[in-house]
file run07.pdb (PDB, C-alpha atoms, pLDDT in the B column)
ATOM      1  CA  LEU A 234      35.782  57.682 117.889  1.00 95.00           C
ATOM      2  CA  ASP A 235      33.519  55.036 116.396  1.00 95.00           C
ATOM      3  CA  SER A 236      30.568  57.443 116.540  1.00 94.00           C
ATOM      4  CA  LEU A 237      32.476  60.117 114.648  1.00 95.00           C
ATOM      5  CA  LEU A 238      33.788  57.611 112.115  1.00 95.00           C
ATOM      6  CA  ALA A 239      30.216  56.528 111.395  1.00 94.00           C
ATOM      7  CA  LYS A 240      29.196  60.148 110.782  1.00 93.00           C
ATOM      8  CA  ILE A 241      32.180  60.702 108.507  1.00 93.00           C
ATOM      9  CA  GLU A 242      31.325  57.584 106.538  1.00 91.00           C
ATOM     10  CA  ALA A 243      27.735  58.766 106.110  1.00 90.00           C
ATOM     11  CA  GLU A 244      28.896  62.191 104.864  1.00 85.00           C
ATOM     12  CA  ASN A 245      31.698  60.889 102.680  1.00 85.00           C
ATOM     13  CA  GLN A 246      29.893  60.136  99.453  1.00 80.00           C
ATOM     14  CA  GLY A 247      32.891  61.072  97.334  1.00 81.00           C
ATOM     15  CA  GLY A 248      35.294  58.635  98.960  1.00 87.00           C
ATOM     16  CA  ALA A 249      37.706  61.268 100.291  1.00 93.00           C
ATOM     17  CA  PRO A 250      40.349  59.984 102.715  1.00 96.00           C
ATOM     18  CA  THR A 251      39.937  60.413 106.458  1.00 97.00           C
ATOM     19  CA  ILE A 252      42.990  62.062 108.020  1.00 98.00           C
ATOM     20  CA  PHE A 253      43.805  61.531 111.718  1.00 98.00           C
ATOM     21  CA  LEU A 254      45.854  64.388 113.189  1.00 98.00           C
ATOM     22  CA  GLY A 255      47.869  62.637 115.903  1.00 97.00           C
ATOM     23  CA  ASP A 256      47.766  62.400 119.709  1.00 97.00           C
ATOM     24  CA  TYR A 257      45.893  59.107 119.682  1.00 97.00           C
ATOM     25  CA  ILE A 258      47.198  58.264 123.153  1.00 97.00           C
ATOM     26  CA  ASP A 259      47.768  59.618 126.679  1.00 95.00           C
ATOM     27  CA  ARG A 260      45.323  60.780 129.328  1.00 87.00           C
ATOM     28  CA  GLY A 261      42.383  58.809 127.978  1.00 85.00           C
ATOM     29  CA  LYS A 262      41.806  55.453 129.680  1.00 90.00           C
ATOM     30  CA  GLN A 263      41.362  53.671 126.337  1.00 95.00           C
ATOM     31  CA  SER A 264      44.531  54.893 124.675  1.00 96.00           C
ATOM     32  CA  ALA A 265      45.628  51.395 123.649  1.00 97.00           C
ATOM     33  CA  GLN A 266      42.205  50.625 122.189  1.00 97.00           C
ATOM     34  CA  VAL A 267      42.085  53.892 120.225  1.00 97.00           C
ATOM     35  CA  LEU A 268      45.608  53.412 118.885  1.00 97.00           C
ATOM     36  CA  THR A 269      44.864  49.823 117.900  1.00 98.00           C
ATOM     37  CA  ARG A 270      41.623  50.833 116.173  1.00 97.00           C
ATOM     38  CA  ILE A 271      43.354  53.495 114.084  1.00 97.00           C
ATOM     39  CA  PHE A 272      46.298  51.209 113.349  1.00 98.00           C
ATOM     40  CA  GLU A 273      43.989  48.495 112.049  1.00 97.00           C
ATOM     41  CA  LEU A 274      42.023  50.958 109.912  1.00 97.00           C
ATOM     42  CA  ASN A 275      45.195  52.232 108.310  1.00 97.00           C
ATOM     43  CA  GLN A 276      46.587  48.740 107.743  1.00 97.00           C
ATOM     44  CA  THR A 277      43.343  47.623 106.124  1.00 96.00           C
ATOM     45  CA  ALA A 278      42.873  50.690 103.894  1.00 96.00           C
ATOM     46  CA  PRO A 279      45.970  52.952 103.935  1.00 96.00           C
ATOM     47  CA  ASP A 280      44.664  55.251 101.207  1.00 95.00           C
ATOM     48  CA  LYS A 281      41.312  55.698 102.938  1.00 95.00           C
ATOM     49  CA  TYR A 282      42.605  56.194 106.495  1.00 97.00           C
ATOM     50  CA  VAL A 283      45.731  58.330 106.795  1.00 98.00           C
ATOM     51  CA  CYS A 284      47.450  58.794 110.149  1.00 98.00           C
ATOM     52  CA  ILE A 285      49.774  61.669 111.056  1.00 98.00           C
ATOM     53  CA  MET A 286      52.210  61.624 113.961  1.00 98.00           C
ATOM     54  CA  GLY A 287      51.504  63.787 117.001  1.00 98.00           C
ATOM     55  CA  ASN A 288      53.911  64.910 119.685  1.00 98.00           C
ATOM     56  CA  HIS A 289      52.531  62.348 122.128  1.00 98.00           C
ATOM     57  CA  GLU A 290      53.320  59.480 119.771  1.00 98.00           C
ATOM     58  CA  LYS A 291      56.790  60.981 119.409  1.00 98.00           C
ATOM     59  CA  MET A 292      57.218  61.093 123.183  1.00 98.00           C
ATOM     60  CA  MET A 293      56.126  57.464 123.519  1.00 98.00           C
ATOM     61  CA  LEU A 294      58.726  56.382 120.967  1.00 98.00           C
ATOM     62  CA  GLU A 295      61.359  58.398 122.830  1.00 98.00           C
ATOM     63  CA  PHE A 296      60.359  56.554 125.998  1.00 97.00           C
ATOM     64  CA  ILE A 297      60.838  53.206 124.278  1.00 98.00           C
ATOM     65  CA  ASP A 298      64.242  54.305 122.970  1.00 97.00           C
ATOM     66  CA  ASP A 299      65.501  56.104 126.089  1.00 97.00           C
ATOM     67  CA  PRO A 300      63.159  55.439 129.024  1.00 96.00           C
ATOM     68  CA  ALA A 301      65.419  56.820 131.739  1.00 92.00           C
ATOM     69  CA  GLY A 302      66.658  59.796 129.729  1.00 94.00           C
ATOM     70  CA  ARG A 303      64.901  61.901 127.137  1.00 92.00           C
ATOM     71  CA  GLY A 304      61.856  59.637 127.140  1.00 93.00           C
ATOM     72  CA  ALA A 305      61.168  60.101 130.852  1.00 94.00           C
ATOM     73  CA  ARG A 306      59.079  63.227 130.206  1.00 95.00           C
ATOM     74  CA  TRP A 307      56.408  61.060 128.603  1.00 97.00           C
ATOM     75  CA  LEU A 308      55.426  59.581 131.960  1.00 96.00           C
ATOM     76  CA  VAL A 309      54.330  62.980 133.303  1.00 94.00           C
ATOM     77  CA  ASN A 310      52.533  63.894 130.061  1.00 95.00           C
ATOM     78  CA  GLY A 311      49.972  61.121 129.911  1.00 95.00           C
ATOM     79  CA  GLY A 312      52.320  58.187 129.543  1.00 96.00           C
ATOM     80  CA  LEU A 313      51.160  56.512 132.745  1.00 96.00           C
ATOM     81  CA  GLU A 314      47.592  56.336 131.444  1.00 96.00           C
ATOM     82  CA  THR A 315      48.747  54.846 128.167  1.00 97.00           C
ATOM     83  CA  LEU A 316      50.937  52.275 129.909  1.00 97.00           C
ATOM     84  CA  THR A 317      47.974  51.253 132.058  1.00 97.00           C
ATOM     85  CA  SER A 318      45.769  50.876 128.976  1.00 97.00           C
ATOM     86  CA  PHE A 319      48.360  48.462 127.576  1.00 97.00           C
ATOM     87  CA  GLY A 320      48.328  46.519 130.851  1.00 97.00           C
ATOM     88  CA  VAL A 321      51.623  47.930 132.135  1.00 97.00           C
ATOM     89  CA  THR A 322      51.021  48.971 135.753  1.00 94.00           C
ATOM     90  CA  GLY A 323      52.975  49.839 138.880  1.00 93.00           C
ATOM     91  CA  VAL A 324      54.985  52.612 137.204  1.00 93.00           C
ATOM     92  CA  GLU A 325      55.454  56.000 138.873  1.00 92.00           C
ATOM     93  CA  ALA A 326      55.748  59.367 137.152  1.00 91.00           C
ATOM     94  CA  ARG A 327      59.321  59.710 138.432  1.00 91.00           C
ATOM     95  CA  ALA A 328      60.237  56.096 137.879  1.00 89.00           C
ATOM     96  CA  ARG A 329      63.621  54.702 138.809  1.00 92.00           C
ATOM     97  CA  THR A 330      65.877  53.803 135.901  1.00 94.00           C
ATOM     98  CA  GLU A 331      65.318  50.075 136.316  1.00 94.00           C
ATOM     99  CA  ASP A 332      61.531  50.486 136.524  1.00 94.00           C
ATOM    100  CA  ALA A 333      61.470  52.740 133.461  1.00 95.00           C
ATOM    101  CA  LEU A 334      63.499  50.227 131.454  1.00 96.00           C
ATOM    102  CA  ASP A 335      61.179  47.415 132.508  1.00 96.00           C
ATOM    103  CA  ALA A 336      58.109  49.491 131.594  1.00 96.00           C
ATOM    104  CA  ALA A 337      59.499  50.282 128.146  1.00 97.00           C
ATOM    105  CA  ASP A 338      60.181  46.589 127.518  1.00 97.00           C
ATOM    106  CA  ALA A 339      56.688  45.671 128.711  1.00 97.00           C
ATOM    107  CA  LEU A 340      55.120  48.307 126.453  1.00 98.00           C
ATOM    108  CA  GLU A 341      56.962  47.000 123.408  1.00 97.00           C
ATOM    109  CA  ALA A 342      55.821  43.475 124.214  1.00 98.00           C
ATOM    110  CA  ALA A 343      52.198  44.580 124.659  1.00 98.00           C
ATOM    111  CA  MET A 344      51.952  46.370 121.318  1.00 97.00           C
ATOM    112  CA  PRO A 345      50.328  44.486 118.440  1.00 97.00           C
ATOM    113  CA  SER A 346      52.741  43.156 115.848  1.00 97.00           C
ATOM    114  CA  GLY A 347      53.900  45.881 113.480  1.00 97.00           C
ATOM    115  CA  MET A 348      52.514  48.789 115.504  1.00 98.00           C
ATOM    116  CA  GLN A 349      55.835  50.215 116.639  1.00 98.00           C
ATOM    117  CA  SER A 350      57.290  50.231 113.121  1.00 98.00           C
ATOM    118  CA  TRP A 351      54.082  51.838 111.868  1.00 98.00           C
ATOM    119  CA  LEU A 352      54.331  54.573 114.505  1.00 98.00           C
ATOM    120  CA  ARG A 353      57.919  55.338 113.578  1.00 98.00           C
ATOM    121  CA  ASP A 354      56.986  55.727 109.920  1.00 98.00           C
ATOM    122  CA  LEU A 355      53.985  58.022 110.422  1.00 98.00           C
ATOM    123  CA  PRO A 356      54.170  61.152 108.250  1.00 98.00           C
ATOM    124  CA  LYS A 357      54.179  64.640 109.747  1.00 98.00           C
ATOM    125  CA  ILE A 358      51.969  66.202 107.067  1.00 98.00           C
ATOM    126  CA  TRP A 359      49.337  65.272 104.491  1.00 98.00           C
ATOM    127  CA  SER A 360      48.338  67.642 101.692  1.00 97.00           C
ATOM    128  CA  SER A 361      45.689  67.879  98.995  1.00 95.00           C
ATOM    129  CA  GLY A 362      45.575  70.984  96.847  1.00 94.00           C
ATOM    130  CA  ASN A 363      45.896  73.975  99.148  1.00 95.00           C
ATOM    131  CA  VAL A 364      44.748  72.046 102.260  1.00 96.00           C
ATOM    132  CA  HIS A 365      47.462  70.764 104.585  1.00 98.00           C
ATOM    133  CA  CYS A 366      46.885  68.547 107.628  1.00 98.00           C
ATOM    134  CA  VAL A 367      49.448  68.579 110.445  1.00 98.00           C
ATOM    135  CA  HIS A 368      49.352  67.833 114.135  1.00 98.00           C
ATOM    136  CA  ALA A 369      50.394  71.165 115.629  1.00 98.00           C
ATOM    137  CA  ALA A 370      51.389  73.948 113.234  1.00 98.00           C
ATOM    138  CA  LEU A 371      53.244  75.240 110.209  1.00 98.00           C
ATOM    139  CA  ASP A 372      55.573  78.228 110.197  1.00 97.00           C
ATOM    140  CA  PRO A 373      53.488  80.953 108.474  1.00 96.00           C
ATOM    141  CA  SER A 374      56.620  82.681 107.138  1.00 95.00           C
ATOM    142  CA  LYS A 375      57.820  79.632 105.208  1.00 95.00           C
ATOM    143  CA  PRO A 376      56.433  77.678 102.250  1.00 95.00           C
ATOM    144  CA  ILE A 377      54.619  74.420 102.904  1.00 95.00           C
ATOM    145  CA  THR A 378      57.563  72.361 101.689  1.00 93.00           C
ATOM    146  CA  GLY A 379      60.603  72.325 103.929  1.00 88.00           C
ATOM    147  CA  GLN A 380      58.776  72.824 107.248  1.00 96.00           C
ATOM    148  CA  ARG A 381      60.649  71.576 110.327  1.00 97.00           C
ATOM    149  CA  SER A 382      59.411  68.387 111.998  1.00 97.00           C
ATOM    150  CA  GLU A 383      59.571  70.069 115.416  1.00 98.00           C
ATOM    151  CA  VAL A 384      57.152  72.765 114.251  1.00 98.00           C
ATOM    152  CA  MET A 385      54.684  70.264 112.825  1.00 98.00           C
ATOM    153  CA  LEU A 386      54.772  68.231 116.056  1.00 98.00           C
ATOM    154  CA  TRP A 387      55.060  70.941 118.730  1.00 98.00           C
ATOM    155  CA  GLY A 388      53.881  74.211 117.199  1.00 97.00           C
ATOM    156  CA  HIS A 389      55.293  77.605 116.231  1.00 97.00           C
ATOM    157  CA  ARG A 390      55.185  80.907 118.105  1.00 97.00           C
ATOM    158  CA  ASP A 391      53.627  82.779 115.149  1.00 97.00           C
ATOM    159  CA  PHE A 392      51.195  80.140 113.940  1.00 97.00           C
ATOM    160  CA  MET A 393      48.195  81.318 115.960  1.00 95.00           C
ATOM    161  CA  THR A 394      48.681  85.034 115.336  1.00 95.00           C
ATOM    162  CA  VAL A 395      50.173  85.491 111.859  1.00 95.00           C
ATOM    163  CA  PRO A 396      47.877  84.575 108.924  1.00 93.00           C
ATOM    164  CA  ARG A 397      49.400  82.909 105.877  1.00 91.00           C
ATOM    165  CA  ASN A 398      49.405  85.155 102.819  1.00 89.00           C
ATOM    166  CA  ASP A 399      49.681  82.442 100.169  1.00 93.00           C
ATOM    167  CA  GLY A 400      46.117  81.072 100.161  1.00 93.00           C
ATOM    168  CA  GLU A 401      47.128  77.811 101.858  1.00 95.00           C
ATOM    169  CA  CYS A 402      44.906  76.302 104.587  1.00 95.00           C
ATOM    170  CA  VAL A 403      46.209  74.358 107.598  1.00 97.00           C
ATOM    171  CA  VAL A 404      44.018  71.868 109.488  1.00 98.00           C
ATOM    172  CA  TYR A 405      45.501  71.111 112.906  1.00 98.00           C
ATOM    173  CA  GLY A 406      44.958  69.707 116.394  1.00 97.00           C
ATOM    174  CA  HIS A 407      47.346  69.874 119.379  1.00 96.00           C
ATOM    175  CA  VAL A 408      45.886  73.038 120.948  1.00 96.00           C
ATOM    176  CA  ILE A 409      42.587  72.421 122.738  1.00 96.00           C
ATOM    177  CA  VAL A 410      39.869  74.890 121.745  1.00 96.00           C
ATOM    178  CA  PRO A 411      36.395  75.332 123.315  1.00 95.00           C
ATOM    179  CA  LYS A 412      34.828  74.788 119.905  1.00 95.00           C
ATOM    180  CA  PRO A 413      36.193  74.136 116.417  1.00 96.00           C
ATOM    181  CA  ASP A 414      37.222  77.271 114.607  1.00 95.00           C
ATOM    182  CA  ALA A 415      38.241  78.381 111.104  1.00 95.00           C
ATOM    183  CA  ARG A 416      39.994  81.682 110.433  1.00 92.00           C
ATOM    184  CA  ASP A 417      43.044  83.179 108.720  1.00 93.00           C
ATOM    185  CA  GLY A 418      43.880  79.994 106.847  1.00 93.00           C
ATOM    186  CA  ARG A 419      43.708  77.814 109.975  1.00 96.00           C
ATOM    187  CA  ILE A 420      41.116  75.197 110.959  1.00 97.00           C
ATOM    188  CA  ALA A 421      41.340  74.072 114.605  1.00 97.00           C
ATOM    189  CA  ILE A 422      39.529  70.863 115.569  1.00 97.00           C
ATOM    190  CA  ASP A 423      41.025  69.671 118.888  1.00 97.00           C
ATOM    191  CA  THR A 424      38.129  69.983 121.337  1.00 96.00           C
ATOM    192  CA  GLY A 425      39.874  67.994 124.083  1.00 94.00           C
ATOM    193  CA  ALA A 426      37.915  64.755 123.809  1.00 93.00           C
ATOM    194  CA  TYR A 427      39.653  63.148 126.795  1.00 91.00           C
ATOM    195  CA  LYS A 428      38.142  65.711 129.163  1.00 90.00           C
ATOM    196  CA  SER A 429      35.271  67.293 127.175  1.00 93.00           C
ATOM    197  CA  GLY A 430      33.831  64.102 125.716  1.00 92.00           C
ATOM    198  CA  ARG A 431      33.657  65.850 122.316  1.00 94.00           C
ATOM    199  CA  LEU A 432      35.735  64.506 119.443  1.00 96.00           C
ATOM    200  CA  THR A 433      35.621  66.805 116.420  1.00 97.00           C
ATOM    201  CA  GLY A 434      36.330  66.392 112.740  1.00 96.00           C
ATOM    202  CA  VAL A 435      35.970  68.620 109.716  1.00 96.00           C
ATOM    203  CA  ARG A 436      34.870  67.846 106.197  1.00 94.00           C
ATOM    204  CA  VAL A 437      36.774  69.984 103.704  1.00 93.00           C
ATOM    205  CA  ASP A 438      35.958  70.247 100.024  1.00 89.00           C
ATOM    206  CA  ALA A 439      36.018  72.794  97.208  1.00 87.00           C
ATOM    207  CA  ASP A 440      32.876  74.474  98.572  1.00 87.00           C
ATOM    208  CA  GLY A 441      34.171  75.036 102.109  1.00 89.00           C
ATOM    209  CA  TRP A 442      34.087  73.104 105.360  1.00 92.00           C
ATOM    210  CA  GLN A 443      31.659  71.480 107.774  1.00 92.00           C
ATOM    211  CA  PHE A 444      32.447  70.482 111.354  1.00 95.00           C
ATOM    212  CA  LEU A 445      31.368  67.050 112.622  1.00 93.00           C
ATOM    213  CA  SER A 446      31.203  65.858 116.229  1.00 89.00           C
ATOM    214  CA  GLY A 447      31.297  62.378 117.684  1.00 80.00           C
TER
END

call {"tool": "encode", "arguments": {"input": "run07.pdb", "output": "structure tokens"}}
result
Amino acid sequence: LDSLLAKIEAENQGGAPTIFLGDYIDRGKQSAQVLTRIFELNQTAPDKYVCIMGNHEKMMLEFIDDPAGRGARWLVNGGLETLTSFGVTGVEARARTEDALDAADALEAAMPSGMQSWLRDLPKIWSSGNVHCVHAALDPSKPITGQRSEVMLWGHRDFMTVPRNDGECVVYGHVIVPKPDARDGRIAIDTGAYKSGRLTGVRVDADGWQFLSG
């Protein structure tokens, strides 16, 4: 992450904002450190570093709110790794109700001050001109405004196969691709850093786009 941020800074002569597309946590052993780094960047310069919510952040918040119910799915989707990175250990994927409640309390206590409120307030989309940044997808049959939160966080069945016909461009993560790709009004940049070791960004301006790797 720091390597890619340095490259972005070197390329960013015009002072354009850096947009993070969500899924800052889970699976990677340094989830807490990554989340804290991005949180601090945004708190220091909110107009320069913009953070969007991903479905994994949403699942973590559901775990905090309902650890033995709806939030339990987080533990089997990378939550255990994130808990460990925050120093919360001894939790099993199918945790008992009491253990899940204790883990949620411990996670809240381990988070830096203000982080949980910040996570809850993260936007689902950021737009500039005809470029729109989301975590997972936009419904290609609907206008940019009025998109459902579930689609932006989890995806849409037509997003990968139906091109938009309105000239709008969607930059997204969520779906791991072997290499970054741009086609049919979509720019995919999730190269699965937690297992590939390649974190990818894209510089977008009026002249086109350029992929950057960390």

call {"tool": "residues_around", "arguments": {"input": "run07.pdb", "residues": "Tyr405 in chain A", "least_positions_apart": "6", "cutoff": "7 Å", "atoms": "all atoms listed in the file", "output": "mmCIF file with C-alpha atoms, in the frame of the given file"}}
result
data_model
loop_
_atom_site.group_PDB
_atom_site.id
_atom_site.type_symbol
_atom_site.label_atom_id
_atom_site.label_comp_id
_atom_site.auth_asym_id
_atom_site.auth_seq_id
_atom_site.Cartn_x
_atom_site.Cartn_y
_atom_site.Cartn_z
ATOM 1 C CA LEU A 254 45.854 64.388 113.189
ATOM 2 C CA CYS A 366 46.885 68.547 107.628
ATOM 3 C CA VAL A 367 49.448 68.579 110.445
ATOM 4 C CA HIS A 368 49.352 67.833 114.135
ATOM 5 C CA ALA A 369 50.394 71.165 115.629
ATOM 6 C CA ALA A 370 51.389 73.948 113.234
ATOM 7 C CA ILE A 420 41.116 75.197 110.959
ATOM 8 C CA ALA A 421 41.340 74.072 114.605
ATOM 9 C CA ILE A 422 39.529 70.863 115.569
#

call {"tool": "residues_around", "arguments": {"input": "run07.pdb", "residues": "Pro396 in chain A", "least_positions_apart": "3", "cutoff": "7 Å", "atoms": "only C-alpha atoms", "output": "number ranges by chain"}}
result
A: 373, 417-418

call {"tool": "write_last_selection", "arguments": {"input": "run07.pdb", "atoms": "C-alpha atoms", "output": "mmCIF file, in the frame of the given file"}}
result
data_model
loop_
_atom_site.group_PDB
_atom_site.id
_atom_site.type_symbol
_atom_site.label_atom_id
_atom_site.label_comp_id
_atom_site.auth_asym_id
_atom_site.auth_seq_id
_atom_site.Cartn_x
_atom_site.Cartn_y
_atom_site.Cartn_z
ATOM 1 C CA PRO A 373 53.488 80.953 108.474
ATOM 2 C CA ASP A 417 43.044 83.179 108.720
ATOM 3 C CA GLY A 418 43.880 79.994 106.847
#

call {"tool": "atom_distance", "arguments": {"input": "run07.pdb", "atom1": "CA of Ile285 in chain A", "atom2": "CA of Arg327 in chain A"}}
result
29.1 Å

call {"tool": "resolve_selection", "arguments": {"input": "run07.pdb", "expression": "the PyMOL selection byres ((chain A and resi 386) around 9)", "output": "list in words"}}
result
Gly255, Met286, Gly287, Asn288, His289, Lys291, Lys357, Val367, His368, Ala369, Ala370, Arg381, Ser382, Glu383, Val384, Met385, Trp387, Gly388 and His407 of chain A

call {"tool": "closest_residue", "arguments": {"input": "run07.pdb", "among": "A:Gly406, A:Gly379, A:Pro250, A:Pro300", "to": "Glu331 in chain A", "atoms": "all atoms listed in the file"}}
result
A:Pro300

call {"tool": "resolve_selection", "arguments": {"input": "run07.pdb", "expression": "the PyMOL selection byres ((chain A and resi 269-283) around 12)", "output": "NGL selection string"}}
result
:A and (234-235 or 238 or 241-242 or 245 or 247-258 or 263-268 or 284-286 or 318-319 or 343-352 or 354-360 or 366-367)
